[in-house]
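Asker: Sharing query.cif (mmCIF, C-alpha atoms, pLDDT in the B column; chains and numbers go by the auth columns) below.
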```cif
data_data
#
loop_
_atom_site.group_PDB
_atom_site.id
_atom_site.type_symbol
_atom_site.label_atom_id
_atom_site.label_comp_id
_atom_site.label_asym_id
_atom_site.label_seq_id
_atom_site.Cartn_x
_atom_site.Cartn_y
_atom_site.Cartn_z
_atom_site.B_iso_or_equiv
_atom_site.auth_seq_id
_atom_site.auth_asym_id
ATOM 1 C CA MET A 1 44.877 -50.255 -0.057 87.00 1 A
ATOM 2 C CA PHE A 2 41.747 -51.302 1.822 93.00 2 A
ATOM 3 C CA THR A 3 38.182 -50.049 2.157 92.00 3 A
ATOM 4 C CA GLY A 4 37.415 -50.578 5.841 93.00 4 A
ATOM 5 C CA ILE A 5 34.666 -53.077 5.009 93.00 5 A
ATOM 6 C CA VAL A 6 35.580 -56.054 7.192 96.00 6 A
ATOM 7 C CA GLU A 7 35.308 -59.349 5.317 95.00 7 A
ATOM 8 C CA CYS A 8 35.358 -61.670 8.311 97.00 8 A
ATOM 9 C CA MET A 9 36.606 -62.064 11.856 97.00 9 A
ATOM 10 C CA GLY A 10 39.509 -64.407 12.522 97.00 10 A
ATOM 11 C CA LYS A 11 40.793 -65.731 15.821 98.00 11 A
ATOM 12 C CA VAL A 12 44.286 -65.284 17.230 98.00 12 A
ATOM 13 C CA GLY A 13 46.009 -68.647 17.317 97.00 13 A
ATOM 14 C CA GLU A 14 49.435 -67.604 18.549 96.00 14 A
ATOM 15 C CA PHE A 15 51.456 -64.493 19.309 95.00 15 A
ATOM 16 C CA THR A 16 55.201 -65.196 19.368 93.00 16 A
ATOM 17 C CA VAL A 17 57.610 -62.579 20.671 93.00 17 A
ATOM 18 C CA LEU A 18 60.630 -64.193 18.987 90.00 18 A
ATOM 19 C CA ASP A 19 59.738 -66.456 16.086 89.00 19 A
ATOM 20 C CA THR A 20 62.916 -68.157 14.843 91.00 20 A
ATOM 21 C CA THR A 21 61.201 -70.010 12.000 90.00 21 A
ATOM 22 C CA LYS A 22 61.713 -68.940 8.379 90.00 22 A
ATOM 23 C CA ALA A 23 58.205 -67.473 8.289 89.00 23 A
ATOM 24 C CA GLY A 24 58.803 -65.689 11.601 88.00 24 A
ATOM 25 C CA GLY A 25 61.997 -64.008 10.440 90.00 25 A
ATOM 26 C CA ASN A 26 63.552 -63.915 13.934 92.00 26 A
ATOM 27 C CA GLY A 27 61.050 -61.334 15.122 93.00 27 A
ATOM 28 C CA ALA A 28 57.556 -61.134 16.546 94.00 28 A
ATOM 29 C CA SER A 29 54.840 -62.979 14.644 96.00 29 A
ATOM 30 C CA LEU A 30 51.089 -63.424 14.788 97.00 30 A
ATOM 31 C CA THR A 31 49.125 -66.447 13.601 97.00 31 A
ATOM 32 C CA ILE A 32 45.441 -66.006 12.777 98.00 32 A
ATOM 33 C CA ASN A 33 43.057 -68.986 12.631 98.00 33 A
ATOM 34 C CA GLU A 34 39.495 -69.384 11.277 98.00 34 A
ATOM 35 C CA ALA A 35 40.382 -67.201 8.305 97.00 35 A
ATOM 36 C CA GLN A 36 39.384 -69.567 5.496 97.00 36 A
ATOM 37 C CA GLN A 37 36.942 -67.033 4.047 96.00 37 A
ATOM 38 C CA ILE A 38 39.796 -64.804 2.835 97.00 38 A
ATOM 39 C CA LEU A 39 42.468 -67.395 2.040 97.00 39 A
ATOM 40 C CA ALA A 40 41.128 -69.123 -1.071 94.00 40 A
ATOM 41 C CA ASP A 41 43.164 -66.797 -3.318 93.00 41 A
ATOM 42 C CA CYS A 42 46.005 -66.088 -0.870 96.00 42 A
ATOM 43 C CA HIS A 43 49.678 -66.006 -1.894 96.00 43 A
ATOM 44 C CA LEU A 44 52.868 -65.505 0.070 97.00 44 A
ATOM 45 C CA GLY A 45 53.579 -61.790 0.282 96.00 45 A
ATOM 46 C CA ASP A 46 49.930 -60.752 0.070 96.00 46 A
ATOM 47 C CA SER A 47 48.717 -57.891 2.250 97.00 47 A
ATOM 48 C CA ILE A 48 45.964 -58.547 4.772 98.00 48 A
ATOM 49 C CA SER A 49 44.584 -56.006 7.210 98.00 49 A
ATOM 50 C CA ILE A 50 44.425 -57.276 10.795 98.00 50 A
ATOM 51 C CA ASN A 51 42.519 -54.840 13.011 98.00 51 A
ATOM 52 C CA GLY A 52 43.304 -52.132 10.488 97.00 52 A
ATOM 53 C CA THR A 53 47.025 -52.889 10.234 98.00 53 A
ATOM 54 C CA CYS A 54 48.414 -53.801 6.808 97.00 54 A
ATOM 55 C CA LEU A 55 50.594 -56.881 7.250 97.00 55 A
ATOM 56 C CA THR A 56 52.393 -59.310 4.937 97.00 56 A
ATOM 57 C CA VAL A 57 51.501 -62.999 4.774 97.00 57 A
ATOM 58 C CA THR A 58 54.610 -65.112 5.405 96.00 58 A
ATOM 59 C CA GLU A 59 52.923 -68.511 5.749 96.00 59 A
ATOM 60 C CA PHE A 60 49.402 -69.864 5.301 97.00 60 A
ATOM 61 C CA THR A 61 47.220 -72.954 5.265 97.00 61 A
ATOM 62 C CA ALA A 62 43.624 -73.461 4.169 97.00 62 A
ATOM 63 C CA ASP A 63 42.296 -71.686 7.274 97.00 63 A
ATOM 64 C CA SER A 64 45.185 -69.874 8.967 97.00 64 A
ATOM 65 C CA PHE A 65 48.031 -67.507 8.149 98.00 65 A
ATOM 66 C CA LYS A 66 51.071 -65.936 9.778 97.00 66 A
ATOM 67 C CA VAL A 67 52.412 -62.378 9.616 97.00 67 A
ATOM 68 C CA GLY A 68 55.490 -60.695 11.021 96.00 68 A
ATOM 69 C CA LEU A 69 55.226 -57.724 13.377 96.00 69 A
ATOM 70 C CA ALA A 70 57.852 -54.974 13.247 94.00 70 A
ATOM 71 C CA PRO A 71 58.741 -52.958 16.365 94.00 71 A
ATOM 72 C CA GLU A 72 57.015 -49.902 14.825 94.00 72 A
ATOM 73 C CA THR A 73 53.832 -51.937 14.414 95.00 73 A
ATOM 74 C CA LEU A 74 53.935 -53.143 18.007 95.00 74 A
ATOM 75 C CA SER A 75 54.538 -49.644 19.384 94.00 75 A
ATOM 76 C CA ARG A 76 51.827 -47.927 17.338 95.00 76 A
ATOM 77 C CA THR A 77 48.996 -50.498 17.373 97.00 77 A
ATOM 78 C CA ASN A 78 47.121 -52.741 19.799 96.00 78 A
ATOM 79 C CA LEU A 79 48.363 -55.952 18.154 96.00 79 A
ATOM 80 C CA GLY A 80 50.939 -56.593 20.865 94.00 80 A
ATOM 81 C CA THR A 81 48.165 -56.939 23.443 95.00 81 A
ATOM 82 C CA LEU A 82 46.312 -59.689 21.578 96.00 82 A
ATOM 83 C CA GLN A 83 45.876 -63.040 23.291 95.00 83 A
ATOM 84 C CA PRO A 84 45.090 -66.483 21.815 97.00 84 A
ATOM 85 C CA GLY A 85 41.346 -66.689 21.264 97.00 85 A
ATOM 86 C CA ASP A 86 40.865 -62.957 20.658 97.00 86 A
ATOM 87 C CA HIS A 87 38.898 -62.094 17.545 97.00 87 A
ATOM 88 C CA VAL A 88 40.319 -59.710 14.951 98.00 88 A
ATOM 89 C CA ASN A 89 38.928 -57.914 11.911 98.00 89 A
ATOM 90 C CA LEU A 90 40.266 -59.176 8.580 98.00 90 A
ATOM 91 C CA GLU A 91 40.204 -57.630 5.118 97.00 91 A
ATOM 92 C CA ARG A 92 42.144 -58.471 1.975 96.00 92 A
ATOM 93 C CA ALA A 93 43.723 -55.721 -0.110 93.00 93 A
ATOM 94 C CA LEU A 94 41.284 -54.098 -2.508 88.00 94 A
ATOM 95 C CA ALA A 95 41.001 -55.793 -5.896 83.00 95 A
ATOM 96 C CA ALA A 96 40.470 -53.756 -9.078 78.00 96 A
ATOM 97 C CA GLY A 97 36.903 -53.838 -10.334 75.00 97 A
ATOM 98 C CA HIS A 98 35.275 -54.400 -6.947 75.00 98 A
ATOM 99 C CA ARG A 99 32.807 -52.065 -5.256 74.00 99 A
ATOM 100 C CA PHE A 100 34.377 -49.485 -2.964 76.00 100 A
ATOM 101 C CA GLY A 101 31.992 -49.564 -0.018 76.00 101 A
ATOM 102 C CA GLY A 102 33.990 -47.780 2.680 78.00 102 A
ATOM 103 C CA HIS A 103 36.765 -45.180 2.277 85.00 103 A
ATOM 104 C CA PHE A 104 40.474 -45.053 1.434 86.00 104 A
ATOM 105 C CA VAL A 105 42.203 -47.048 4.184 92.00 105 A
ATOM 106 C CA GLN A 106 45.945 -47.623 3.918 92.00 106 A
ATOM 107 C CA GLY A 107 46.326 -49.968 6.852 95.00 107 A
ATOM 108 C CA HIS A 108 48.883 -47.568 8.338 95.00 108 A
ATOM 109 C CA VAL A 109 47.674 -47.050 11.896 97.00 109 A
ATOM 110 C CA ASP A 110 48.266 -43.512 13.158 96.00 110 A
ATOM 111 C CA THR A 111 47.587 -44.010 16.847 97.00 111 A
ATOM 112 C CA THR A 112 45.271 -45.786 19.246 97.00 112 A
ATOM 113 C CA ALA A 113 42.220 -44.576 21.138 98.00 113 A
ATOM 114 C CA GLN A 114 40.793 -45.635 24.479 98.00 114 A
ATOM 115 C CA ILE A 115 37.123 -46.476 24.759 98.00 115 A
ATOM 116 C CA ILE A 116 35.696 -44.223 27.484 98.00 116 A
ATOM 117 C CA GLU A 117 31.938 -44.790 27.086 98.00 117 A
ATOM 118 C CA ILE A 118 29.626 -47.403 25.553 98.00 118 A
ATOM 119 C CA THR A 119 25.953 -46.469 25.432 97.00 119 A
ATOM 120 C CA PRO A 120 23.076 -48.508 23.929 97.00 120 A
ATOM 121 C CA ASP A 121 20.566 -46.549 21.838 97.00 121 A
ATOM 122 C CA ALA A 122 17.663 -48.694 20.591 96.00 122 A
ATOM 123 C CA ASN A 123 19.398 -51.473 18.629 96.00 123 A
ATOM 124 C CA SER A 124 22.546 -49.400 18.041 97.00 124 A
ATOM 125 C CA LEU A 125 25.611 -48.694 20.185 97.00 125 A
ATOM 126 C CA TRP A 126 27.326 -45.368 20.855 98.00 126 A
ATOM 127 C CA PHE A 127 31.081 -45.471 21.460 98.00 127 A
ATOM 128 C CA LYS A 128 33.001 -42.508 22.840 98.00 128 A
ATOM 129 C CA MET A 129 36.773 -42.689 22.358 98.00 129 A
ATOM 130 C CA ARG A 130 39.751 -40.560 23.367 98.00 130 A
ATOM 131 C CA LEU A 131 42.830 -40.466 21.156 97.00 131 A
ATOM 132 C CA THR A 132 46.137 -41.489 22.714 96.00 132 A
ATOM 133 C CA ASP A 133 47.903 -38.852 20.604 96.00 133 A
ATOM 134 C CA PRO A 134 45.786 -35.648 20.538 96.00 134 A
ATOM 135 C CA GLN A 135 47.603 -34.226 17.492 95.00 135 A
ATOM 136 C CA TYR A 136 45.449 -36.424 15.254 96.00 136 A
ATOM 137 C CA MET A 137 42.237 -34.752 16.415 96.00 137 A
ATOM 138 C CA ARG A 138 42.667 -32.143 13.676 95.00 138 A
ATOM 139 C CA TYR A 139 41.852 -34.852 11.133 95.00 139 A
ATOM 140 C CA VAL A 140 38.714 -36.015 12.971 96.00 140 A
ATOM 141 C CA VAL A 141 35.675 -34.099 11.753 95.00 141 A
ATOM 142 C CA PRO A 142 31.921 -34.582 12.227 96.00 142 A
ATOM 143 C CA LYS A 143 30.500 -36.856 9.486 95.00 143 A
ATOM 144 C CA GLY A 144 34.035 -37.601 8.307 94.00 144 A
ATOM 145 C CA PHE A 145 35.628 -41.007 7.819 93.00 145 A
ATOM 146 C CA ILE A 146 37.699 -42.834 10.416 96.00 146 A
ATOM 147 C CA ALA A 147 39.024 -46.396 10.520 97.00 147 A
ATOM 148 C CA ILE A 148 38.682 -48.087 13.930 98.00 148 A
ATOM 149 C CA ASP A 149 40.399 -51.471 14.128 98.00 149 A
ATOM 150 C CA GLY A 150 40.129 -51.449 10.349 96.00 150 A
ATOM 151 C CA THR A 151 36.388 -50.725 10.226 97.00 151 A
ATOM 152 C CA SER A 152 35.290 -47.747 8.127 96.00 152 A
ATOM 153 C CA LEU A 153 33.002 -45.674 10.338 97.00 153 A
ATOM 154 C CA THR A 154 31.418 -42.230 10.344 96.00 154 A
ATOM 155 C CA VAL A 155 32.386 -39.752 13.050 97.00 155 A
ATOM 156 C CA CYS A 156 29.429 -38.283 14.954 97.00 156 A
ATOM 157 C CA ASP A 157 30.443 -35.854 17.730 97.00 157 A
ATOM 158 C CA VAL A 158 33.885 -34.268 18.126 97.00 158 A
ATOM 159 C CA ASN A 159 35.431 -32.523 21.133 97.00 159 A
ATOM 160 C CA ASP A 160 38.859 -31.168 20.188 96.00 160 A
ATOM 161 C CA GLN A 161 39.592 -29.732 23.631 95.00 161 A
ATOM 162 C CA GLU A 162 39.154 -33.082 25.387 95.00 162 A
ATOM 163 C CA SER A 163 40.417 -35.165 22.429 95.00 163 A
ATOM 164 C CA TRP A 164 37.358 -37.390 22.133 97.00 164 A
ATOM 165 C CA PHE A 165 34.885 -38.309 19.429 98.00 165 A
ATOM 166 C CA THR A 166 31.891 -40.622 19.070 98.00 166 A
ATOM 167 C CA ILE A 167 30.727 -43.168 16.513 98.00 167 A
ATOM 168 C CA MET A 168 27.594 -45.294 16.323 97.00 168 A
ATOM 169 C CA LEU A 169 27.378 -48.965 15.362 97.00 169 A
ATOM 170 C CA VAL A 170 24.194 -50.208 13.722 96.00 170 A
ATOM 171 C CA ALA A 171 22.928 -53.708 14.473 96.00 171 A
ATOM 172 C CA TYR A 172 24.378 -55.337 11.339 95.00 172 A
ATOM 173 C CA THR A 173 27.868 -53.954 11.932 95.00 173 A
ATOM 174 C CA GLN A 174 27.790 -55.094 15.560 96.00 174 A
ATOM 175 C CA SER A 175 27.626 -58.731 14.460 95.00 175 A
ATOM 176 C CA HIS A 176 30.416 -58.446 11.874 96.00 176 A
ATOM 177 C CA VAL A 177 33.266 -56.576 13.609 97.00 177 A
ATOM 178 C CA VAL A 178 35.219 -56.897 16.845 97.00 178 A
ATOM 179 C CA LEU A 179 34.375 -53.505 18.367 97.00 179 A
ATOM 180 C CA PRO A 180 31.274 -54.677 20.321 97.00 180 A
ATOM 181 C CA THR A 181 33.458 -57.254 22.095 95.00 181 A
ATOM 182 C CA LYS A 182 35.603 -54.459 23.548 96.00 182 A
ATOM 183 C CA LYS A 183 35.008 -52.885 26.940 97.00 183 A
ATOM 184 C CA ILE A 184 35.629 -49.490 28.496 98.00 184 A
ATOM 185 C CA GLY A 185 39.373 -48.912 28.824 97.00 185 A
ATOM 186 C CA ASP A 186 40.328 -51.092 25.865 97.00 186 A
ATOM 187 C CA ALA A 187 42.514 -49.677 23.093 97.00 187 A
ATOM 188 C CA VAL A 188 41.518 -49.640 19.427 98.00 188 A
ATOM 189 C CA ASN A 189 43.621 -48.878 16.360 98.00 189 A
ATOM 190 C CA ILE A 190 42.929 -45.555 14.656 98.00 190 A
ATOM 191 C CA GLU A 191 43.690 -44.456 11.118 97.00 191 A
ATOM 192 C CA VAL A 192 42.469 -40.989 10.258 96.00 192 A
ATOM 193 C CA ASP A 193 41.372 -40.000 6.753 90.00 193 A
ATOM 194 C CA MET A 194 44.573 -39.832 4.689 88.00 194 A
ATOM 195 C CA LEU A 195 43.062 -37.261 2.313 87.00 195 A
ATOM 196 C CA GLY A 196 42.955 -34.762 5.166 87.00 196 A
ATOM 197 C CA LYS A 197 46.678 -35.263 5.780 89.00 197 A
ATOM 198 C CA TYR A 198 47.545 -34.699 2.124 88.00 198 A
ATOM 199 C CA VAL A 199 45.392 -31.563 1.920 88.00 199 A
ATOM 200 C CA GLU A 200 47.014 -30.196 5.082 88.00 200 A
ATOM 201 C CA LYS A 201 50.543 -30.738 3.793 86.00 201 A
ATOM 202 C CA ILE A 202 49.849 -29.222 0.386 83.00 202 A
ATOM 203 C CA THR A 203 48.049 -26.140 1.708 81.00 203 A
ATOM 204 C CA THR A 204 50.583 -25.601 4.496 80.00 204 A
ATOM 205 C CA SER A 205 53.494 -25.606 2.054 75.00 205 A
ATOM 206 C CA ILE A 206 51.674 -23.254 -0.329 71.00 206 A
ATOM 207 C CA LEU A 207 50.693 -20.776 2.387 70.00 207 A
ATOM 208 C CA ALA A 208 54.224 -20.811 3.793 70.00 208 A
ATOM 209 C CA ALA A 209 55.785 -19.692 0.494 60.00 209 A
ATOM 210 C CA PRO A 210 58.145 -16.753 1.164 59.00 210 A
ATOM 211 C CA THR A 211 58.273 -14.835 -2.139 56.00 211 A
ATOM 212 C CA ASN A 212 55.677 -12.482 -3.566 56.00 212 A
ATOM 213 C CA ASP A 213 55.208 -14.414 -6.805 57.00 213 A
ATOM 214 C CA ALA A 214 55.333 -17.911 -5.247 57.00 214 A
ATOM 215 C CA PRO A 215 52.256 -20.050 -4.576 56.00 215 A
ATOM 216 C CA GLY A 216 50.956 -18.975 -1.165 54.00 216 A
ATOM 217 C CA SER A 217 51.939 -15.331 -1.363 62.00 217 A
ATOM 218 C CA SER A 218 49.238 -12.684 -1.151 66.00 218 A
ATOM 219 C CA ALA A 219 49.895 -11.589 -4.731 71.00 219 A
ATOM 220 C CA TYR A 220 49.657 -15.142 -6.007 68.00 220 A
ATOM 221 C CA ILE A 221 46.395 -15.811 -4.131 71.00 221 A
ATOM 222 C CA GLU A 222 44.904 -12.538 -5.389 77.00 222 A
ATOM 223 C CA THR A 223 45.823 -13.525 -8.959 75.00 223 A
ATOM 224 C CA ILE A 224 44.132 -16.909 -8.620 75.00 224 A
ATOM 225 C CA VAL A 225 40.995 -15.345 -7.105 82.00 225 A
ATOM 226 C CA LYS A 226 40.848 -12.780 -9.930 83.00 226 A
ATOM 227 C CA ARG A 227 41.137 -15.518 -12.554 82.00 227 A
ATOM 228 C CA VAL A 228 38.275 -17.434 -10.961 83.00 228 A
ATOM 229 C CA LEU A 229 36.065 -14.357 -10.721 86.00 229 A
ATOM 230 C CA ASP A 230 36.817 -13.352 -14.305 84.00 230 A
ATOM 231 C CA ALA A 231 36.135 -16.835 -15.704 74.00 231 A
#
```
Can you dump the structure from the file as structure tokens?
Answerer:
Amino acid sequence: MFTGIVECMGKVGEFTVLDTTKAGGNGASLTINEAQQILADCHLGDSISINGTCLTVTEFTADSFKVGLAPETLSRTNLGTLQPGDHVNLERALAAGHRFGGHFVQGHVDTTAQIIEITPDANSLWFKMRLTDPQYMRYVVPKGFIAIDGTSLTVCDVNDQESWFTIMLVAYTQSHVVLPTKKIGDAVNIEVDMLGKYVEKITTSILAAPTNDAPGSSAYIETIVKRVLDA
């Protein structure tokens, strides 16, 4: 579990399509350098979010670490497009007892979005983005949470018909995350608010109940409403 509050930016050292080392596991791997800020308490098997993607540390030094990339990760995120020298957002898994400054972020990327507009506004930046998979627009709501490359941000405008939304970056955030380094046409990782997905599944299953006395039936709903009104 993460919060979407980026701790630091690392730099891609190497992307290997077939890493035959023990740490690479005979699959794709990614090595991140300049990450000393988050590695002082690192252990093998720890989870670190890279651009919003929860990944497992398989090898590390004082200032770098390696993770493996599954085919699902490569197909659903922008990590496969990273080049040596690219900066990435980094966040360690949430520790108990720490402040929760962002929102619930699992590190399970749902889809990507393409940046379609970047507009300065005083010392802030507007970003307009279009989702690659429009089905996730139902979880994007004005003033709701969204994780973009692992950064917890607030949604501003939403256009469901054209599958786009906007966010604004304040000056401080601009200097601490990778988004301002992106250009129009670039892809960013998107994780929608997981609470919305849970609520949808629960309410859908209740409302789809077939029997008169089951949760979701008209009789059941009327009973619940009556209890509330009588309380």
Asker: Apply the PyMOL selection byres ((chain A and resi 185-200) around 10) to the displayed file and report the matching residues as an NGL selection string.
Answerer: :A and (51-53 or 76-79 or 81 or 103-117 or 129-132 or 136-141 or 144-152 or 178-179 or 181-184 or 201-206)
Asker: Using all atoms listed in the file, which of A:Ala93, A:Val57, A:Leu169, A:Val12 sits nearest Glu34 of chain A?
Answerer: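 Closest candidate: A:Val12.
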Asker: Could you check how far atom CA of Phe15 of chain A sits from atom CA of Ala35 of chain A, in Å to one decimal?
Answerer: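 For atom CA of Phe15 of chain A relative to atom CA of Ala35 of chain A, the distance reads 15.8 Å.
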Asker: Please enumerate the residues selected by the PyMOL selection byres ((chain A and resi 160-166) around 6) when evaluated against the supplied file, formatted as a short mmCIF file (atom, residue, chain, number, x, y, z; two decimals) with C-alpha atoms, in the frame of the given file.
Answerer:
```cif
data_model
loop_
_atom_site.label_atom_id
_atom_site.label_comp_id
_atom_site.auth_asym_id
_atom_site.auth_seq_id
_atom_site.Cartn_x
_atom_site.Cartn_y
_atom_site.Cartn_z
CA PHE A 127 31.08 -45.47 21.46
CA LYS A 128 33.00 -42.51 22.84
CA MET A 129 36.77 -42.69 22.36
CA ARG A 130 39.75 -40.56 23.37
CA LEU A 131 42.83 -40.47 21.16
CA PRO A 134 45.79 -35.65 20.54
CA CYS A 156 29.43 -38.28 14.95
CA ASP A 157 30.44 -35.85 17.73
CA VAL A 158 33.88 -34.27 18.13
CA ASN A 159 35.43 -32.52 21.13
CA ILE A 167 30.73 -43.17 16.51
#
```
Asker: Write out as a PDB file with C-alpha atoms, in the coordinates of the input the residues lying within 7 Å of segment 170-176 of chain A, counting only C-alpha atoms and excluding same-chain residues fewer than 5 positions away.
Answerer:
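The resulting file, selection-v3.pdb, is shown below:
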```pdb
ATOM      1  CA  CYS A   8      35.358 -61.670   8.311  1.00 97.00           C
ATOM      2  CA  ASN A 123      19.398 -51.473  18.629  1.00 96.00           C
ATOM      3  CA  SER A 124      22.546 -49.400  18.041  1.00 97.00           C
ATOM      4  CA  LEU A 125      25.611 -48.694  20.185  1.00 97.00           C
TER       5      LEU A 125
END
```
Asker: Could you list, as JSON, numbers by chain, every residue matched by the PyMOL selection byres ((chain A and resi 68) around 12) in this structure?
Answerer: {"A": [14, 15, 16, 17, 18, 19, 20, 21, 22, 23, 24, 25, 26, 27, 28, 29, 30, 31, 32, 45, 47, 48, 50, 53, 54, 55, 56, 57, 58, 59, 65, 66, 67, 69, 70, 71, 72, 73, 74, 79, 80]}
Asker: Take atom CA of Lys143 of chain A and atom CA of Trp126 of chain A and report the distance between them in Å, one decimal.
Answerer: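 Computed distance, atom CA of Lys143 of chain A to atom CA of Trp126 of chain A, equals 14.6 Å.
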Asker: Please indicate the distance in Å from atom CA of His43 of chain A to atom CA of Lys11 of chain A, rounded to one decimal place.
Answerer: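 Separating atom CA of His43 of chain A from atom CA of Lys11 of chain A is a distance of 19.8 Å.
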Asker: Which of these, A:His98, A:Pro84, A:Leu44, A:Gln37, has the shortest distance to Ala62 of chain A once you count all atoms listed in the file?
Answerer: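 Checking each candidate against Ala62 of chain A, we get A:Gln37 as the closest.
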Asker: Some atoms are absent from segment 70-77 of chain A, so rebuild all heavy atoms and return them as an mmCIF file, in the frame of the given file.
Answerer:
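The result, written out as rebuild_13.cif:
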```
data_model
loop_
_atom_site.group_PDB
_atom_site.id
_atom_site.type_symbol
_atom_site.label_atom_id
_atom_site.label_comp_id
_atom_site.auth_asym_id
_atom_site.auth_seq_id
_atom_site.Cartn_x
_atom_site.Cartn_y
_atom_site.Cartn_z
ATOM 1 N N ALA A 70 56.684 -55.813 13.021
ATOM 2 C CA ALA A 70 57.852 -54.974 13.247
ATOM 3 C C ALA A 70 57.707 -54.204 14.554
ATOM 4 O O ALA A 70 56.595 -53.999 15.041
ATOM 5 C CB ALA A 70 58.024 -54.000 12.079
ATOM 6 N N PRO A 71 58.824 -53.754 15.136
ATOM 7 C CA PRO A 71 58.741 -52.958 16.365
ATOM 8 C C PRO A 71 57.851 -51.728 16.223
ATOM 9 O O PRO A 71 57.120 -51.370 17.144
ATOM 10 C CB PRO A 71 60.207 -52.557 16.609
ATOM 11 C CG PRO A 71 60.999 -53.682 16.011
ATOM 12 C CD PRO A 71 60.228 -54.082 14.790
ATOM 13 N N GLU A 72 57.885 -51.067 15.057
ATOM 14 C CA GLU A 72 57.015 -49.902 14.825
ATOM 15 C C GLU A 72 55.552 -50.297 14.919
ATOM 16 O O GLU A 72 54.732 -49.573 15.497
ATOM 17 C CB GLU A 72 57.315 -49.307 13.438
ATOM 18 C CG GLU A 72 56.267 -48.350 12.896
ATOM 19 C CD GLU A 72 56.254 -46.997 13.587
ATOM 20 O OE1 GLU A 72 57.091 -46.765 14.487
ATOM 21 O OE2 GLU A 72 55.397 -46.171 13.233
ATOM 22 N N THR A 73 55.217 -51.454 14.360
ATOM 23 C CA THR A 73 53.832 -51.937 14.414
ATOM 24 C C THR A 73 53.406 -52.192 15.851
ATOM 25 O O THR A 73 52.301 -51.823 16.265
ATOM 26 C CB THR A 73 53.685 -53.229 13.590
ATOM 27 O OG1 THR A 73 54.092 -52.976 12.247
ATOM 28 C CG2 THR A 73 52.259 -53.737 13.611
ATOM 29 N N LEU A 74 54.270 -52.823 16.621
ATOM 30 C CA LEU A 74 53.935 -53.143 18.007
ATOM 31 C C LEU A 74 53.805 -51.891 18.867
ATOM 32 O O LEU A 74 52.992 -51.852 19.799
ATOM 33 C CB LEU A 74 54.998 -54.073 18.591
ATOM 34 C CG LEU A 74 55.049 -55.486 17.995
ATOM 35 C CD1 LEU A 74 56.260 -56.243 18.511
ATOM 36 C CD2 LEU A 74 53.765 -56.244 18.317
ATOM 37 N N SER A 75 54.577 -50.857 18.555
ATOM 38 C CA SER A 75 54.538 -49.644 19.384
ATOM 39 C C SER A 75 53.357 -48.741 19.025
ATOM 40 O O SER A 75 52.907 -47.957 19.851
ATOM 41 C CB SER A 75 55.849 -48.859 19.241
ATOM 42 O OG SER A 75 55.994 -48.362 17.917
ATOM 43 N N ARG A 76 52.850 -48.851 17.796
ATOM 44 C CA ARG A 76 51.827 -47.927 17.338
ATOM 45 C C ARG A 76 50.416 -48.514 17.347
ATOM 46 O O ARG A 76 49.427 -47.780 17.266
ATOM 47 C CB ARG A 76 52.167 -47.429 15.931
ATOM 48 C CG ARG A 76 51.400 -46.208 15.494
ATOM 49 C CD ARG A 76 51.885 -45.728 14.145
ATOM 50 N NE ARG A 76 53.136 -45.000 14.244
ATOM 51 C CZ ARG A 76 53.235 -43.681 14.327
ATOM 52 N NH1 ARG A 76 52.143 -42.938 14.345
ATOM 53 N NH2 ARG A 76 54.409 -43.092 14.384
ATOM 54 N N THR A 77 50.299 -49.840 17.458
ATOM 55 C CA THR A 77 48.996 -50.498 17.373
ATOM 56 C C THR A 77 48.686 -51.275 18.652
ATOM 57 O O THR A 77 49.502 -51.341 19.571
ATOM 58 C CB THR A 77 48.962 -51.474 16.182
ATOM 59 O OG1 THR A 77 49.761 -52.635 16.492
ATOM 60 C CG2 THR A 77 49.500 -50.830 14.909
#
```
